[in-house]
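> Contents of coords07.cif (mmCIF, C-alpha atoms) are given next:
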data_protein
#
loop_
_atom_site.label_atom_id
_atom_site.label_comp_id
_atom_site.auth_asym_id
_atom_site.auth_seq_id
_atom_site.Cartn_x
_atom_site.Cartn_y
_atom_site.Cartn_z
CA MET A 253 108.75 83.62 142.64
CA SER A 254 108.09 86.58 140.32
CA HIS A 255 106.19 86.14 137.07
CA PRO A 256 107.98 86.92 133.79
CA LEU A 257 107.29 90.28 132.20
CA ARG A 258 104.22 90.12 129.98
CA VAL A 259 104.86 91.76 126.58
CA ALA A 260 102.33 92.63 123.87
CA VAL A 261 103.69 92.56 120.32
CA ILE A 262 101.53 94.33 117.72
CA GLY A 263 101.85 92.72 114.29
CA ALA A 264 103.09 89.35 112.98
CA GLY A 265 105.19 90.52 110.06
CA VAL A 266 108.99 90.41 109.90
CA ALA A 267 109.43 92.65 112.96
CA GLY A 268 106.74 91.00 115.08
CA LEU A 269 107.99 87.48 114.41
CA ALA A 270 111.63 88.43 115.03
CA VAL A 271 110.93 90.21 118.31
CA ALA A 272 108.62 87.44 119.54
CA ARG A 273 111.45 84.96 119.09
CA GLU A 274 113.96 87.16 120.93
CA LEU A 275 111.59 87.98 123.79
CA ARG A 276 110.80 84.33 124.33
CA ARG A 277 114.50 83.48 124.24
CA GLU A 278 114.87 85.89 127.17
CA GLY A 279 112.17 84.04 129.09
CA LEU A 280 109.47 86.69 128.74
CA ASP A 281 105.72 86.06 128.36
CA VAL A 282 104.80 87.05 124.80
CA VAL A 283 101.45 87.64 123.09
CA VAL A 284 101.46 88.64 119.39
CA PHE A 285 98.36 90.42 118.09
CA GLU A 286 97.73 90.04 114.35
CA LYS A 287 94.59 91.54 112.80
CA SER A 288 94.69 89.30 109.72
CA HIS A 289 94.42 85.53 109.67
CA HIS A 290 97.98 84.93 108.48
CA LEU A 291 101.63 85.65 109.19
CA GLY A 292 103.93 87.80 107.10
CA GLY A 293 102.53 91.33 107.30
CA THR A 294 103.18 93.20 104.07
CA TRP A 295 104.81 90.09 102.55
CA HIS A 296 101.40 88.40 102.24
CA TYR A 297 100.15 89.31 98.76
CA ASP A 298 96.52 90.37 98.42
CA PRO A 299 95.06 91.15 94.96
CA ARG A 300 92.50 93.50 96.52
CA ILE A 301 93.16 97.23 96.88
CA ASP A 302 91.89 100.02 99.15
CA SER A 303 88.42 101.40 98.41
CA ASP A 304 90.18 104.75 97.79
CA PRO A 305 93.13 104.08 95.44
CA VAL A 306 94.98 107.26 96.47
CA GLY A 307 94.56 106.54 100.18
CA SER A 308 93.36 109.98 101.25
CA ASP A 309 89.94 108.94 102.58
CA PRO A 310 90.39 108.17 106.32
CA ASN A 311 87.26 105.99 106.24
CA ARG A 312 88.36 103.86 103.29
CA GLU A 313 88.53 100.09 103.46
CA VAL A 314 92.26 99.42 103.89
CA VAL A 315 94.24 96.48 102.53
CA HIS A 316 97.43 96.09 104.57
CA THR A 317 99.90 94.90 101.96
CA SER A 318 101.59 97.04 99.30
CA LEU A 319 102.92 94.13 97.24
CA TYR A 320 102.37 94.04 93.50
CA ARG A 321 102.14 90.65 91.82
CA SER A 322 105.55 90.71 90.11
CA LEU A 323 107.51 92.19 93.02
CA ARG A 324 110.99 90.80 93.70
CA THR A 325 113.31 91.64 96.57
CA ASN A 326 115.63 94.63 96.23
CA LEU A 327 118.36 92.84 98.17
CA PRO A 328 119.96 89.43 97.50
CA ARG A 329 118.51 86.49 99.38
CA GLN A 330 121.73 86.23 101.43
CA LEU A 331 120.69 89.52 103.07
CA MET A 332 117.00 88.61 103.38
CA GLY A 333 117.45 86.08 106.18
CA PHE A 334 118.30 86.37 109.84
CA LEU A 335 121.87 86.19 111.14
CA ASP A 336 121.42 82.72 112.62
CA TYR A 337 118.66 81.58 110.26
CA PRO A 338 119.58 82.22 106.60
CA PHE A 339 117.16 82.38 103.70
CA PRO A 340 117.41 78.89 102.16
CA ASP A 341 116.56 77.51 98.76
CA ARG A 342 113.58 75.20 98.69
CA PRO A 343 112.74 72.36 96.34
CA ASP A 344 110.66 73.65 93.43
CA GLY A 345 110.89 77.18 94.85
CA ASP A 346 112.11 80.45 93.37
CA SER A 347 115.88 79.98 93.42
CA ARG A 348 116.74 83.38 91.97
CA THR A 349 119.14 85.51 94.00
CA PHE A 350 116.47 88.23 94.10
CA PRO A 351 113.37 86.07 94.58
CA GLY A 352 109.71 86.98 94.28
CA HIS A 353 107.59 87.88 97.29
CA GLU A 354 106.08 84.38 97.51
CA GLU A 355 109.49 83.03 98.50
CA VAL A 356 109.87 85.59 101.30
CA LEU A 357 106.46 84.65 102.71
CA TRP A 358 107.40 80.97 102.57
CA PHE A 359 110.59 81.78 104.49
CA LEU A 360 108.72 83.73 107.18
CA ASN A 361 106.24 80.90 107.69
CA LYS A 362 109.12 78.42 107.93
CA PHE A 363 110.84 80.69 110.48
CA ALA A 364 107.65 80.98 112.55
CA ASP A 365 107.10 77.22 112.58
CA GLU A 366 110.74 76.48 113.42
CA PHE A 367 110.59 78.66 116.55
CA GLY A 368 107.00 78.01 117.62
CA LEU A 369 105.83 81.57 116.98
CA ARG A 370 102.46 80.67 115.50
CA GLY A 371 101.34 79.46 118.90
CA LEU A 372 102.12 82.85 120.45
CA THR A 373 99.95 84.68 117.91
CA ARG A 374 96.31 85.65 118.16
CA PHE A 375 95.08 85.81 114.59
CA GLY A 376 92.09 87.91 113.57
CA CYS A 377 92.70 90.11 116.59
CA GLU A 378 93.14 93.84 115.91
CA VAL A 379 94.61 96.14 118.54
CA VAL A 380 92.34 99.18 118.75
CA ARG A 381 93.82 100.95 121.79
CA VAL A 382 97.10 100.97 123.70
CA ALA A 383 97.31 103.35 126.67
CA LEU A 384 99.24 103.80 129.87
CA VAL A 385 97.60 102.68 133.08
CA ALA A 386 97.05 105.90 135.03
CA GLY A 387 100.09 106.88 137.06
CA ARG A 388 102.29 104.08 135.68
CA SER A 389 104.93 103.97 132.92
CA ASP A 390 105.42 100.20 133.15
CA SER A 391 101.82 99.10 132.81
CA TRP A 392 99.77 99.26 129.61
CA VAL A 393 96.15 98.64 128.75
CA VAL A 394 95.79 96.81 125.44
CA GLU A 395 92.30 96.66 123.95
CA SER A 396 91.72 94.35 121.01
CA ARG A 397 88.82 93.37 118.78
CA THR A 398 88.22 90.11 116.96
CA TYR A 399 86.48 89.75 113.61
CA ASP A 400 83.18 89.00 115.36
CA SER A 401 83.56 92.39 117.13
CA ALA A 402 84.28 90.88 120.54
CA LEU A 403 86.34 93.35 122.60
CA SER A 404 88.91 92.39 125.21
CA ARG A 405 91.00 94.44 127.61
CA GLU A 406 94.28 93.20 129.10
CA ILE A 407 97.21 94.58 131.06
CA PHE A 408 100.81 94.18 129.84
CA GLY A 409 104.10 95.29 131.33
CA ALA A 410 105.52 96.31 127.95
CA VAL A 411 104.36 96.90 124.38
CA VAL A 412 106.43 96.48 121.21
CA VAL A 413 104.92 98.13 118.13
CA CYS A 414 105.61 96.14 114.93
CA SER A 415 102.69 97.23 112.79
CA GLY A 416 104.76 98.28 109.76
CA HIS A 417 104.81 101.47 107.72
CA PHE A 418 103.76 100.48 104.20
CA THR A 419 100.01 100.96 104.49
CA GLN A 420 99.29 104.70 104.78
CA PRO A 421 100.18 106.41 101.46
CA ARG A 422 102.12 109.67 101.47
CA VAL A 423 100.87 111.85 98.61
CA PRO A 424 102.26 115.25 97.56
CA THR A 425 100.06 118.31 97.13
CA ILE A 426 99.88 119.27 93.44
CA PRO A 427 98.37 122.61 92.36
CA GLY A 428 95.15 122.01 90.44
CA ILE A 429 94.77 118.36 91.43
CA GLU A 430 91.25 118.84 92.85
CA LYS A 431 89.97 119.60 89.32
CA TRP A 432 92.15 117.17 87.38
CA PRO A 433 89.71 114.58 85.91
CA GLY A 434 92.06 111.63 85.41
CA TYR A 435 92.55 108.52 87.53
CA GLN A 436 94.85 108.75 90.55
CA ILE A 437 96.37 105.81 92.40
CA HIS A 438 99.18 105.29 94.92
CA SER A 439 101.64 102.44 94.42
CA HIS A 440 100.24 100.89 97.63
CA ASN A 441 97.29 99.91 95.43
CA TYR A 442 99.19 98.85 92.31
CA ARG A 443 98.97 95.12 91.63
CA VAL A 444 99.14 94.38 87.88
CA PRO A 445 99.75 96.47 84.72
CA GLU A 446 96.64 95.51 82.73
CA PRO A 447 94.39 98.39 83.96
CA PHE A 448 96.86 100.84 82.38
CA ARG A 449 96.70 99.41 78.88
CA ASP A 450 96.80 102.13 76.18
CA GLN A 451 96.89 104.85 78.85
CA VAL A 452 99.24 107.82 79.23
CA VAL A 453 100.61 107.39 82.76
CA VAL A 454 102.58 109.87 84.87
CA VAL A 455 104.56 108.14 87.63
CA ILE A 456 105.75 110.38 90.45
CA GLY A 457 108.83 109.02 92.23
CA PHE A 458 112.19 107.54 91.31
CA ALA A 459 112.94 104.88 93.93
CA SER A 460 113.16 101.19 93.08
CA SER A 461 109.41 100.55 93.18
CA ALA A 462 108.74 103.52 90.87
CA ILE A 463 111.19 102.19 88.29
CA ASP A 464 110.00 98.58 88.54
CA ILE A 465 106.35 99.58 88.19
CA SER A 466 107.07 102.05 85.36
CA ILE A 467 108.92 99.42 83.34
CA GLU A 468 106.13 96.92 83.88
CA ILE A 469 103.37 99.38 82.97
CA ALA A 470 105.27 100.52 79.86
CA LYS A 471 104.74 97.07 78.33
CA VAL A 472 101.01 97.80 78.00
CA ALA A 473 100.64 101.59 78.35
CA LYS A 474 100.71 104.10 75.51
CA GLU A 475 103.26 106.30 77.31
CA VAL A 476 104.90 106.42 80.75
CA HIS A 477 106.36 109.68 82.08
CA ILE A 478 108.44 109.51 85.27
CA ALA A 479 108.63 112.67 87.41
CA THR A 480 111.37 113.01 90.01
CA ARG A 481 112.72 115.63 92.42
CA SER A 482 116.31 114.91 91.37
CA PRO A 483 117.89 118.27 90.42
CA ASP A 484 120.00 116.75 87.65
CA VAL A 485 117.12 115.34 85.59
CA LYS A 486 116.59 116.46 82.01
CA VAL A 487 113.63 115.69 79.77
CA VAL A 488 114.79 112.56 78.00
CA LYS A 489 113.43 109.36 76.51
CA LEU A 490 114.79 106.44 78.51
CA ALA A 491 117.23 104.13 76.76
CA ASN A 492 115.80 100.85 75.47
CA HIS A 493 112.22 102.12 75.80
CA ASP A 494 110.19 103.71 73.02
CA ASN A 495 107.43 104.97 75.31
CA MET A 496 109.15 106.05 78.55
CA TRP A 497 110.31 109.59 79.41
CA GLN A 498 111.97 111.14 82.42
CA HIS A 499 111.03 114.62 83.73
CA LYS A 500 111.52 116.95 86.63
CA MET A 501 108.77 117.08 89.26
CA VAL A 502 105.15 117.85 88.39
CA LYS A 503 104.54 121.59 88.65
CA CYS A 504 100.76 121.64 88.27
CA VAL A 505 97.81 119.94 86.59
CA SER A 506 94.66 121.28 84.97
CA GLU A 507 91.10 120.20 84.26
CA ASP A 508 91.86 119.39 80.62
CA ARG A 509 94.06 116.49 81.88
CA MET A 510 97.30 118.38 81.27
CA VAL A 511 100.22 117.59 83.57
CA ALA A 512 102.94 120.26 83.50
CA PHE A 513 106.46 119.53 84.72
CA GLU A 514 108.99 121.90 86.29
CA ASP A 515 111.27 121.45 83.29
CA GLY A 516 108.72 123.21 81.04
CA SER A 517 107.40 120.09 79.32
CA SER A 518 103.82 118.82 79.61
CA VAL A 519 101.61 115.88 78.65
CA TYR A 520 97.91 115.10 78.57
CA ALA A 521 97.65 112.13 80.92
CA ASP A 522 95.03 109.56 81.85
CA VAL A 523 96.63 108.41 85.10
CA ILE A 524 98.83 109.78 87.88
CA LEU A 525 100.51 107.01 89.84
CA TYR A 526 102.14 108.12 93.10
CA CYS A 527 105.25 106.15 94.11
CA THR A 528 105.84 108.66 96.88
CA GLY A 529 106.26 106.57 100.00
CA TYR A 530 104.29 106.10 103.18
CA LYS A 531 103.34 107.74 106.45
CA HIS A 532 103.85 106.33 109.93
CA HIS A 533 100.45 105.76 111.47
CA TYR A 534 99.58 104.42 114.93
CA PRO A 535 95.89 105.21 115.46
CA PHE A 536 95.64 102.80 118.39
CA LEU A 537 98.43 104.40 120.45
CA GLU A 538 97.63 106.87 123.25
CA THR A 539 100.65 108.40 124.99
CA ASN A 540 99.23 111.74 126.16
CA GLY A 541 101.34 113.55 123.60
CA ILE A 542 104.63 111.95 124.67
CA VAL A 543 105.09 110.25 121.27
CA THR A 544 104.03 112.30 118.25
CA ILE A 545 104.23 112.08 114.46
CA ASP A 546 105.29 115.35 112.85
CA ASP A 547 105.93 115.31 109.10
CA ASN A 548 106.60 111.56 109.34
CA ARG A 549 109.03 111.98 112.24
CA VAL A 550 108.04 109.60 115.03
CA GLY A 551 109.49 111.06 118.15
CA PRO A 552 111.23 111.48 120.26
CA LEU A 553 112.79 108.03 119.80
CA TYR A 554 116.20 107.05 121.10
CA LYS A 555 118.00 105.23 118.28
CA HIS A 556 114.65 105.05 116.41
CA VAL A 557 113.33 102.57 118.98
CA PHE A 558 112.63 103.83 122.53
CA PRO A 559 110.67 106.97 123.54
CA PRO A 560 112.86 108.20 126.44
CA ALA A 561 109.99 109.08 128.78
CA LEU A 562 108.36 105.65 128.32
CA ALA A 563 111.43 103.45 127.92
CA PRO A 564 111.84 100.56 128.03
CA TRP A 565 108.15 99.73 128.37
CA LEU A 566 107.22 101.03 124.92
CA SER A 567 109.33 100.41 121.83
CA PHE A 568 109.05 100.46 118.03
CA ILE A 569 110.69 97.96 115.69
CA GLY A 570 111.40 98.54 112.00
CA ILE A 571 110.97 102.31 111.73
CA PRO A 572 114.31 103.14 109.97
CA GLU A 573 114.37 103.12 106.17
CA LYS A 574 117.13 102.65 103.61
CA ASP A 575 118.72 99.76 105.48
CA ILE A 576 119.46 96.02 105.48
CA ILE A 577 115.92 95.41 106.66
CA PHE A 578 116.05 91.84 108.01
CA GLN A 579 119.37 92.27 109.80
CA MET A 580 118.57 95.71 111.18
CA THR A 581 115.19 94.48 112.40
CA GLU A 582 116.69 91.38 114.03
CA LEU A 583 119.33 93.42 115.83
CA GLN A 584 116.75 95.93 117.09
CA CYS A 585 114.76 92.97 118.41
CA LYS A 586 117.75 91.49 120.21
CA TRP A 587 118.49 94.87 121.81
CA VAL A 588 114.89 95.39 122.95
CA ALA A 589 114.67 91.85 124.36
CA ARG A 590 117.92 92.25 126.31
CA VAL A 591 116.79 95.60 127.68
CA LEU A 592 113.41 94.22 128.79
CA SER A 593 115.09 91.22 130.41
CA GLY A 594 117.36 93.53 132.41
CA LYS A 595 120.60 92.37 130.78
CA VAL A 596 121.24 95.74 129.10
CA LEU A 597 120.61 99.13 130.69
CA LEU A 598 119.49 102.16 128.74
CA PRO A 599 120.93 105.63 129.38
CA THR A 600 118.89 107.94 131.58
CA GLU A 601 115.84 109.67 130.15
CA LYS A 602 117.75 112.95 130.12
CA GLU A 603 120.70 111.39 128.26
CA MET A 604 118.43 109.76 125.67
CA LEU A 605 116.56 113.02 125.04
CA ALA A 606 119.87 114.83 124.64
CA TYR A 607 120.96 112.24 122.05
CA VAL A 608 117.70 112.65 120.12
CA GLU A 609 118.04 116.43 120.05
CA GLU A 610 121.63 116.18 118.89
CA TYR A 611 120.55 113.75 116.15
CA TYR A 612 117.81 116.12 114.96
CA GLN A 613 120.30 118.98 114.80
CA GLN A 614 122.76 116.87 112.83
CA ILE A 615 120.30 115.77 110.15
CA GLU A 616 119.14 119.38 109.76
CA LYS A 617 122.77 120.47 109.42
CA ASP A 618 123.27 117.75 106.80
CA GLY A 619 120.40 119.20 104.78
CA PHE A 620 117.83 116.44 105.24
CA PRO A 621 114.17 117.43 105.74
CA LYS A 622 112.21 116.33 108.78
CA HIS A 623 110.30 113.62 106.90
CA MET A 624 113.63 111.84 106.31
CA THR A 625 114.41 111.60 110.04
CA HIS A 626 114.34 107.81 109.95
CA TYR A 627 116.35 107.38 106.73
CA LEU A 628 119.74 106.04 107.73
CA HIS A 629 121.58 107.93 104.95
CA PHE A 630 124.56 105.60 104.43
CA LYS A 631 124.82 105.05 108.20
CA GLU A 632 123.15 101.66 107.93
CA ILE A 633 126.22 99.60 108.74
CA GLY A 634 127.26 101.78 111.66
CA TYR A 635 123.76 101.60 113.09
CA CYS A 636 123.65 97.80 112.75
CA ASN A 637 127.08 97.45 114.36
CA TRP A 638 125.96 99.67 117.26
CA LEU A 639 122.90 97.45 117.76
CA ALA A 640 125.06 94.33 117.53
CA ALA A 641 127.34 95.62 120.27
CA GLU A 642 124.31 96.33 122.50
CA ALA A 643 123.08 92.80 121.82
CA GLY A 644 126.47 91.33 122.74
CA LEU A 645 127.26 90.28 119.17
CA PRO A 646 130.29 90.91 116.93
CA PRO A 647 130.09 93.50 114.13
CA ILE A 648 128.29 92.69 110.88
CA GLU A 649 130.43 90.43 108.69
CA HIS A 650 132.35 92.37 106.08
CA TRP A 651 130.88 90.42 103.16
CA ARG A 652 127.38 91.47 104.20
CA GLU A 653 128.42 95.11 104.16
CA GLU A 654 130.06 94.74 100.74
CA MET A 655 127.07 92.90 99.29
CA TYR A 656 124.64 95.49 100.58
CA LEU A 657 126.64 98.40 99.16
CA GLU A 658 126.89 96.63 95.81
CA SER A 659 123.15 95.91 95.71
CA ILE A 660 122.14 99.56 96.27
CA LYS A 661 124.51 100.90 93.59
CA PRO A 662 121.90 100.60 90.81
CA LEU A 663 119.52 102.79 92.82
CA LEU A 664 122.22 105.41 93.39
CA LEU A 665 123.36 105.34 89.76
CA GLY A 666 119.88 105.16 88.23
CA THR A 667 120.62 101.81 86.57
CA LEU A 668 117.88 99.74 88.18
CA GLU A 669 116.63 97.96 85.08
CA ASN A 670 117.63 94.27 85.02
CA TYR A 671 120.20 94.67 87.80
CA ARG A 672 118.74 91.70 89.65
CA ASP A 673 119.36 89.38 86.71
CA GLN A 674 122.86 90.74 86.06
CA TRP A 675 124.08 89.93 89.57
CA ASP A 676 127.39 88.05 89.65
CA ASP A 677 126.43 85.02 91.75
CA ALA A 678 129.73 83.21 91.25
CA HIS A 679 131.72 86.21 92.52
CA TRP A 680 129.63 86.61 95.67
CA ASN A 681 129.44 82.89 96.40
CA ALA A 682 133.24 82.79 96.33
CA ILE A 683 133.49 85.78 98.71
CA ILE A 684 131.02 84.20 101.17
CA LYS A 685 132.87 80.86 100.99
CA ASP A 686 136.22 82.55 101.68
CA ALA A 687 134.71 84.44 104.62
CA SER A 688 133.32 81.23 106.08
CA LEU A 689 136.67 79.45 105.75
CA THR A 690 138.45 82.37 107.41
CA GLN A 691 135.96 82.36 110.28
CA MET A 692 136.53 78.63 110.86
CA LYS A 693 140.29 79.04 111.24
#
Let me see the file written as structure tokens.

Amino acid sequence: MSHPLRVAVIGAGVAGLAVARELRREGLDVVVFEKSHHLGGTWHYDPRIDSDPVGSDPNREVVHTSLYRSLRTNLPRQLMGFLDYPFPDRPDGDSRTFPGHEEVLWFLNKFADEFGLRGLTRFGCEVVRVALVAGRSDSWVVESRTYDSALSREIFGAVVVCSGHFTQPRVPTIPGIEKWPGYQIHSHNYRVPEPFRDQVVVVIGFASSAIDISIEIAKVAKEVHIATRSPDVKVVKLANHDNMWQHKMVKCVSEDRMVAFEDGSSVYADVILYCTGYKHHYPFLETNGIVTIDDNRVGPLYKHVFPPALAPWLSFIGIPEKDIIFQMTELQCKWVARVLSGKVLLPTEKEMLAYVEEYYQQIEKDGFPKHMTHYLHFKEIGYCNWLAAEAGLPPIEHWREEMYLESIKPLLLGTLENYRDQWDDAHWNAIIKDASLTQMK
């Protein structure tokens, strides 16, 4: 009798928990490595910040999470659960449609306990090296270290990387920044607004976190100036705010604290806060150059998951951005589990590489830079439906697609302020109820 495939899962956040459940459902032997002492990954709030607030020092003390204290979900709770395990209300919990991060962590712990995932997890155990066994593509050495510095070395048949991508800040190069005397910080290290009281703050970025943080800081700061790459931006004071302005991107800075924008305006600032995203980072992974990171493109990866030359024995969960994160992650996990169990076959290595090359050519043709390789660019639903088909599931329910598209409208239209509290719950509850009744017929 053959032994089940032994699979190492790196990380016990959303992706690690979801894939552990699916792998075990397929009868595989699963070990989850988690360097902290808790579940939840980035959803576990930590008031501490990195020893280098910008994140450029490679030897800095790193705090994994990027949560700020007031953070709420960008998507409605109906889209924050798993397909067969919805995000419930809890007694005395945060019942808002867009709940705070504490509620998401509670949900993940409930999910882990429901499916016995805590028992599969080695807490306080950091993976420091993952490498192929010489001459094999289906055998991996996993070296890990506990908090008391004890090292262990084990062999696994497959490795699933679920270590997240919200820890290594991505920071633009600004002319003159090496002599600019003000305080610099990346949003990874933003927690509360109080340190910015009475300060002039320049926020670089215009995604949802940049807007949320800017609005929060503006309640205590002297001025907040938001710089964005959007070509349509004009210098303007934001409606409903006496101390918030919008600008084009920062052009340069100087040692007298001046920050000059590409639109010709300038301010003397105390703080530059970078809301400029994150870099993929897998310092533990050794693939002899087969998998590389080039300008934030992890590749080559077939469908953002499998490196063709190492498939299916190495895979990555949760790399795509701009998506329905919980559902996309769950469907990737189901696909990976079915592939590793032998129920689903991948294309040949040559076919997968050809697909990747065609995909790269298409995104270049569409005008997207390399660092946006893993942005799904309004292809989120198609990607999820493709994964669902591979996992033997029906397409995503239409109401989920509609709700997702409605929830990202404020980001596309630049109307993010208060959109969470203006959500029409009655309308969407009726749509979900009708969909459920139709499905039962």
> Hey, which of A:Leu689, A:Phe513, A:Glu669, A:Leu663 ends up closest to Ala491 (chain A)? Count all atoms listed in the file.
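Looking only at the distances to Ala491 (chain A), the closest residue turns out to be A:Glu669.
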> In Å, how far is it from CA of Val505 (chain A) to CA of Arg449 (chain A)?
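Between these atoms lies a distance of 22.0 Å.
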> Selected by the PyMOL selection byres ((chain A and resi 535) around 10) in the shown coordinates: which residues, as JSON, numbers by chain?
{"A": [379, 380, 381, 382, 532, 533, 534, 536, 537, 538]}
> Please indicate the distance in Å from CA of Ala462 (chain A) to CA of Leu657 (chain A), rounded to one decimal place.
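Taking CA of Ala462 (chain A) as the start and CA of Leu657 (chain A) as the end point, the length is 20.4 Å.
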> Considering all atoms listed in the file, can you say which of A:Pro328, A:Gly292, A:Pro305, A:Gly516 comes closest to Gln674 (chain A)?
A:Pro328
> Would you fill the gaps in region 486-502 of chain A so it has N, CA and C atoms, then print it as a JSON list (two decimals), in the frame of the given file?

[["chain", "number", "residue", "atom", "x", "y", "z"],
["A", 486, "LYS", "N", 116.97, 115.74, 83.23],
["A", 486, "LYS", "CA", 116.59, 116.46, 82.01],
["A", 486, "LYS", "C", 115.48, 115.67, 81.32],
["A", 487, "VAL", "N", 114.67, 116.38, 80.53],
["A", 487, "VAL", "CA", 113.63, 115.69, 79.77],
["A", 487, "VAL", "C", 114.31, 114.78, 78.76],
["A", 488, "VAL", "N", 114.09, 113.48, 78.89],
["A", 488, "VAL", "CA", 114.79, 112.56, 78.00],
["A", 488, "VAL", "C", 113.98, 111.27, 77.88],
["A", 489, "LYS", "N", 114.02, 110.69, 76.68],
["A", 489, "LYS", "CA", 113.43, 109.36, 76.51],
["A", 489, "LYS", "C", 114.41, 108.35, 77.07],
["A", 490, "LEU", "N", 113.91, 107.41, 77.87],
["A", 490, "LEU", "CA", 114.79, 106.44, 78.51],
["A", 490, "LEU", "C", 115.32, 105.43, 77.50],
["A", 491, "ALA", "N", 116.59, 105.09, 77.66],
["A", 491, "ALA", "CA", 117.23, 104.13, 76.76],
["A", 491, "ALA", "C", 116.49, 102.79, 76.78],
["A", 492, "ASN", "N", 116.41, 102.17, 75.63],
["A", 492, "ASN", "CA", 115.80, 100.85, 75.47],
["A", 492, "ASN", "C", 114.29, 100.85, 75.63],
["A", 493, "HIS", "N", 113.68, 102.04, 75.67],
["A", 493, "HIS", "CA", 112.22, 102.12, 75.80],
["A", 493, "HIS", "C", 111.69, 103.18, 74.84],
["A", 494, "ASP", "N", 110.75, 102.78, 74.00],
["A", 494, "ASP", "CA", 110.19, 103.71, 73.02],
["A", 494, "ASP", "C", 109.11, 104.61, 73.62],
["A", 495, "ASN", "N", 108.59, 104.24, 74.78],
["A", 495, "ASN", "CA", 107.43, 104.97, 75.31],
["A", 495, "ASN", "C", 107.62, 105.41, 76.76],
["A", 496, "MET", "N", 108.88, 105.61, 77.18],
["A", 496, "MET", "CA", 109.15, 106.05, 78.55],
["A", 496, "MET", "C", 110.01, 107.31, 78.54],
["A", 497, "TRP", "N", 109.57, 108.32, 79.31],
["A", 497, "TRP", "CA", 110.31, 109.59, 79.41],
["A", 497, "TRP", "C", 110.56, 109.92, 80.88],
["A", 498, "GLN", "N", 111.60, 110.68, 81.09],
["A", 498, "GLN", "CA", 111.97, 111.14, 82.42],
["A", 498, "GLN", "C", 111.82, 112.66, 82.48],
["A", 499, "HIS", "N", 111.27, 113.19, 83.57],
["A", 499, "HIS", "CA", 111.03, 114.62, 83.73],
["A", 499, "HIS", "C", 111.42, 115.07, 85.13],
["A", 500, "LYS", "N", 111.46, 116.39, 85.29],
["A", 500, "LYS", "CA", 111.52, 116.95, 86.63],
["A", 500, "LYS", "C", 110.12, 116.83, 87.26],
["A", 501, "MET", "N", 110.00, 117.27, 88.52],
["A", 501, "MET", "CA", 108.77, 117.08, 89.26],
["A", 501, "MET", "C", 107.57, 117.76, 88.58],
["A", 502, "VAL", "N", 106.38, 117.24, 88.89],
["A", 502, "VAL", "CA", 105.15, 117.85, 88.39],
["A", 502, "VAL", "C", 104.98, 119.23, 89.02]]
